[in-house]
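Structure data (TSV, C-alpha atoms) from target08.tsv:
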```
chain	number	residue	atom	x	y	z
A	1	MET	CA	43.09	-33.63	-14.53
A	2	THR	CA	40.62	-30.80	-15.02
A	3	THR	CA	38.33	-29.47	-12.42
A	4	SER	CA	34.98	-28.13	-13.34
A	5	ASP	CA	32.95	-25.78	-11.26
A	6	SER	CA	29.87	-27.80	-10.43
A	7	HIS	CA	28.27	-24.94	-8.54
A	8	ARG	CA	26.61	-22.43	-10.78
A	9	ARG	CA	26.56	-18.94	-9.30
A	10	VAL	CA	23.50	-16.81	-9.75
A	11	ARG	CA	24.45	-13.27	-10.67
A	12	ILE	CA	22.23	-10.62	-9.26
A	13	LYS	CA	21.49	-7.98	-11.87
A	14	ASP	CA	19.80	-5.47	-9.54
A	15	ILE	CA	20.48	-5.87	-5.83
A	16	GLY	CA	17.88	-3.23	-4.89
A	17	ASP	CA	15.04	-5.20	-6.46
A	18	VAL	CA	16.17	-8.42	-4.81
A	19	ILE	CA	16.42	-6.82	-1.36
A	20	ALA	CA	13.05	-5.09	-1.70
A	21	GLY	CA	11.48	-8.33	-2.96
A	22	VAL	CA	12.88	-10.37	-0.07
A	23	VAL	CA	11.67	-7.82	2.50
A	24	LEU	CA	8.20	-7.72	0.94
A	25	LEU	CA	8.15	-11.51	0.73
A	26	GLY	CA	8.85	-11.71	4.45
A	27	PHE	CA	6.07	-9.23	5.25
A	28	ALA	CA	3.66	-11.10	2.97
A	29	LEU	CA	4.43	-14.44	4.58
A	30	VAL	CA	3.88	-12.98	8.05
A	31	LEU	CA	0.62	-11.38	6.92
A	32	VAL	CA	-0.82	-14.42	5.13
A	33	PHE	CA	0.29	-17.19	7.47
A	34	TYR	CA	0.41	-15.50	10.88
A	35	LEU	CA	-1.46	-12.22	11.22
A	36	VAL	CA	-4.63	-12.99	9.24
A	37	PRO	CA	-5.31	-16.47	10.67
A	38	ASN	CA	-4.42	-15.56	14.27
A	39	TYR	CA	-5.71	-12.03	14.69
A	40	ILE	CA	-8.71	-11.60	12.37
A	41	ASN	CA	-11.67	-13.44	13.81
A	42	GLU	CA	-14.30	-14.86	11.53
A	43	PRO	CA	-17.93	-15.10	12.61
A	44	PRO	CA	-19.13	-18.71	12.88
A	45	ILE	CA	-22.01	-18.17	10.47
A	46	LEU	CA	-21.27	-16.41	7.21
A	47	GLN	CA	-23.77	-15.87	4.44
A	48	ASN	CA	-21.06	-15.20	1.89
A	49	PRO	CA	-17.31	-15.97	2.19
A	50	MET	CA	-16.54	-12.62	0.58
A	51	MET	CA	-18.17	-10.90	3.56
A	52	SER	CA	-15.57	-12.40	5.89
A	53	PRO	CA	-13.24	-9.91	7.57
A	54	ARG	CA	-10.37	-12.16	6.47
A	55	TRP	CA	-11.17	-11.93	2.76
A	56	LEU	CA	-9.59	-8.59	1.83
A	57	PRO	CA	-6.40	-8.94	3.95
A	58	THR	CA	-5.88	-12.45	2.55
A	59	ILE	CA	-6.22	-11.23	-1.05
A	60	VAL	CA	-3.84	-8.32	-0.37
A	61	GLY	CA	-1.34	-10.64	1.32
A	62	TRP	CA	-1.28	-13.07	-1.59
A	63	LEU	CA	-0.91	-10.21	-4.07
A	64	ILE	CA	2.04	-8.82	-2.11
A	65	LEU	CA	3.55	-12.31	-2.06
A	66	LEU	CA	3.13	-12.70	-5.83
A	67	PHE	CA	4.56	-9.28	-6.64
A	68	SER	CA	7.49	-9.76	-4.26
A	69	ILE	CA	8.42	-12.98	-6.07
A	70	LEU	CA	8.16	-11.15	-9.40
A	71	LEU	CA	10.37	-8.37	-8.02
A	72	ILE	CA	13.00	-10.90	-6.92
A	73	LEU	CA	12.91	-12.52	-10.36
A	74	GLN	CA	13.25	-9.12	-12.00
A	75	GLY	CA	16.31	-8.40	-9.89
A	76	LEU	CA	17.86	-11.71	-10.89
A	77	LEU	CA	17.01	-11.66	-14.59
A	78	VAL	CA	16.69	-8.10	-15.91
A	79	THR	CA	19.72	-5.99	-16.57
A	80	GLY	CA	18.98	-2.30	-16.88
A	81	ALA	CA	21.40	0.27	-18.18
A	82	ARG	CA	21.81	2.95	-15.53
A	83	GLU	CA	21.56	5.79	-18.05
A	84	GLU	CA	18.14	4.81	-19.31
A	85	ASP	CA	16.67	3.12	-16.24
A	86	GLU	CA	13.17	4.48	-15.61
A	87	ARG	CA	13.14	2.83	-12.21
A	88	ALA	CA	15.90	5.07	-10.86
A	89	ILE	CA	14.85	6.82	-7.67
A	90	GLU	CA	14.81	10.58	-7.74
A	91	LYS	CA	14.87	11.98	-4.25
A	92	GLY	CA	12.46	14.76	-3.46
A	93	SER	CA	13.07	17.75	-1.29
A	94	PRO	CA	13.07	17.51	2.52
A	95	ARG	CA	9.96	19.75	2.47
A	96	ARG	CA	8.08	17.16	0.42
A	97	PHE	CA	9.12	14.36	2.77
A	98	PHE	CA	8.11	16.42	5.82
A	99	MET	CA	4.69	17.20	4.31
A	100	MET	CA	4.10	13.52	3.53
A	101	VAL	CA	4.87	12.65	7.16
A	102	VAL	CA	2.51	15.45	8.27
A	103	ALA	CA	-0.26	13.98	6.09
A	104	LEU	CA	0.26	10.56	7.69
A	105	VAL	CA	0.26	12.01	11.20
A	106	ILE	CA	-2.91	14.01	10.46
A	107	TYR	CA	-4.68	10.91	9.21
A	108	VAL	CA	-3.59	8.66	12.07
A	109	ALA	CA	-3.97	11.17	14.90
A	110	LEU	CA	-7.31	12.69	13.90
A	111	PHE	CA	-9.05	9.64	12.43
A	112	GLU	CA	-11.04	8.70	15.53
A	113	THR	CA	-11.93	12.21	16.64
A	114	MET	CA	-12.58	13.98	13.33
A	115	GLY	CA	-13.78	11.07	11.20
A	116	ALA	CA	-12.59	9.29	8.07
A	117	VAL	CA	-13.97	11.80	5.58
A	118	PHE	CA	-12.47	14.93	7.15
A	119	CYS	CA	-9.07	13.31	7.79
A	120	GLY	CA	-9.01	11.85	4.29
A	121	ILE	CA	-9.73	15.23	2.72
A	122	LEU	CA	-7.17	17.05	4.86
A	123	ALA	CA	-4.43	14.44	4.33
A	124	THR	CA	-5.06	14.33	0.57
A	125	LEU	CA	-4.89	18.13	0.33
A	126	VAL	CA	-1.55	18.11	2.18
A	127	LEU	CA	-0.24	15.43	-0.20
A	128	PHE	CA	-1.37	17.48	-3.22
A	129	VAL	CA	0.47	20.51	-1.85
A	130	ALA	CA	3.56	18.39	-1.14
A	131	HIS	CA	3.64	17.17	-4.73
A	132	PRO	CA	2.90	20.40	-6.54
A	133	VAL	CA	-0.39	19.76	-8.28
A	134	ARG	CA	-0.98	22.67	-10.61
A	135	THR	CA	-4.31	21.66	-12.13
A	136	TRP	CA	-7.16	23.15	-10.12
A	137	TRP	CA	-9.78	20.49	-10.92
A	138	VAL	CA	-7.56	17.75	-9.44
A	139	TYR	CA	-8.14	19.28	-6.01
A	140	SER	CA	-11.79	18.26	-6.32
A	141	LEU	CA	-10.55	14.67	-6.15
A	142	ALA	CA	-9.24	15.44	-2.66
A	143	PHE	CA	-12.88	15.85	-1.63
A	144	LEU	CA	-14.44	13.18	-3.84
A	145	PHE	CA	-12.01	10.31	-3.22
A	146	PRO	CA	-12.25	10.15	0.62
A	147	ILE	CA	-16.05	10.41	0.46
A	148	VAL	CA	-16.33	7.57	-2.09
A	149	VAL	CA	-13.84	5.33	-0.26
A	150	THR	CA	-15.56	5.90	3.09
A	151	PHE	CA	-18.95	5.19	1.52
A	152	LEU	CA	-17.65	1.92	0.02
A	153	PHE	CA	-16.20	0.77	3.32
A	154	VAL	CA	-19.25	1.71	5.40
A	155	GLU	CA	-22.14	0.88	3.07
A	156	VAL	CA	-20.78	-1.87	0.82
A	157	MET	CA	-18.28	-3.73	3.01
A	158	ASN	CA	-20.00	-2.98	6.35
A	159	VAL	CA	-16.79	-1.72	7.97
A	160	PRO	CA	-17.69	0.58	10.86
A	161	LEU	CA	-15.75	3.82	10.39
A	162	PRO	CA	-16.14	7.14	12.15
A	163	ILE	CA	-17.56	9.17	9.27
A	164	MET	CA	-17.87	12.67	10.70
A	165	PRO	CA	-17.04	14.16	14.10
A	166	PHE	CA	-20.69	14.60	15.09
A	167	TRP	CA	-22.12	11.63	13.22
A	168	LEU	CA	-25.10	10.01	14.96
```

How would this structure read if it were set down as structure tokens?
Amino acid sequence: MTTSDSHRRVRIKDIGDVIAGVVLLGFALVLVFYLVPNYINEPPILQNPMMSPRWLPTIVGWLILLFSILLILQGLLVTGAREEDERAIEKGSPRRFFMMVVALVIYVALFETMGAVFCGILATLVLFVAHPVRTWWVYSLAFLFPIVVTFLFVEVMNVPLPIMPFWL
């Protein structure tokens, strides 16, 4: 009498991808099915469904869900040689990590009082210093990017943001 293994085991090729994918999948499910429907109110009369406050978070949630599933599949199917794996994490210096945290704290703490543009510029400059940007013209993006993003949110998507500290 021979016994056959009727249960096929799935071998995980990259446990890091599977764990990250499962965590992101959980966050995406909470975002799409709990947070957006329960905490983002929609006005009763909408001229365009794309003007709904739920539209962008819903799209982002579904994209996170899709990419988390792809990440899980990648962890189950793709075997990467450790020597030539481009996805290997290279840790930065503690100074870089500290400066990234400082940029986040600047943006969160000063957003209401100093405005989106000023905080965006300051946080972006700190991030550029944390990741040594040597090209001088790239620093102009630290000024241009927050201005353009704030303009898009305020003028195009009608999201009320504090633009400047003394904005009328």

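Omitting range 129-132 of chain A and its sequence neighbours fewer than 5 positions away, and counting all atoms listed in the file, the residues within 8 Å are Arg95, Arg96, Phe97, Met99 and Met100 of chain A.
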
What's the separation between CA of Ile121 in chain A and CA of Thr135 in chain A, in Å to one decimal place? 17.1 Å

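Picture a line from CA of Pro43 in chain A to CA of Thr150 in chain A; it runs 23.2 Å.
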
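Compared by their closest atoms to Phe151 in chain A, and using all atoms listed in the file, the residues A:Ala116, A:Leu122, A:Leu127, A:Val105 rank with A:Ala116 nearest.
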
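Counting from CA of Thr58 in chain A, the distance to CA of Ile19 in chain A is 23.3 Å.
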
From the set A:Leu65, A:Leu46, A:Leu29, A:Leu161, which residue has the shortest atom-to-atom contact distance to Val149 in chain A, counting all atoms listed in the file? A:Leu161

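Nearest-residue note for Ala123 in chain A: choosing from A:Ile15, A:Val138, A:Leu66, A:Val102, the minimum distance belongs to A:Val102, counting all atoms listed in the file.
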
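Minimum atom-to-atom distances from A:Leu76, A:Ile163, A:Leu104, A:Val154 to Ile12 in chain A were compared using only C-alpha atoms, and the lowest value belongs to A:Leu76.
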
I'd like the neighbourhood of Gly16 in chain A as number ranges by chain, where a residue qualifies if any of its atoms comes within 12 Å (using only C-alpha atoms), though same-chain residues fewer than 2 positions away should be ignored. A: 12-14, 18-23, 71-76, 87-89

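The residue that comes closest to Val101 in chain A, out of A:Arg134, A:Val126, A:Leu144, A:Val78 and on the basis of all atoms listed in the file, is A:Val126.
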
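For the residues A:Leu125, A:Leu56, A:Ile147, A:Leu24, ranking by smallest atom-to-atom distance to Ile106 in chain A using all atoms listed in the file places A:Leu125 first.
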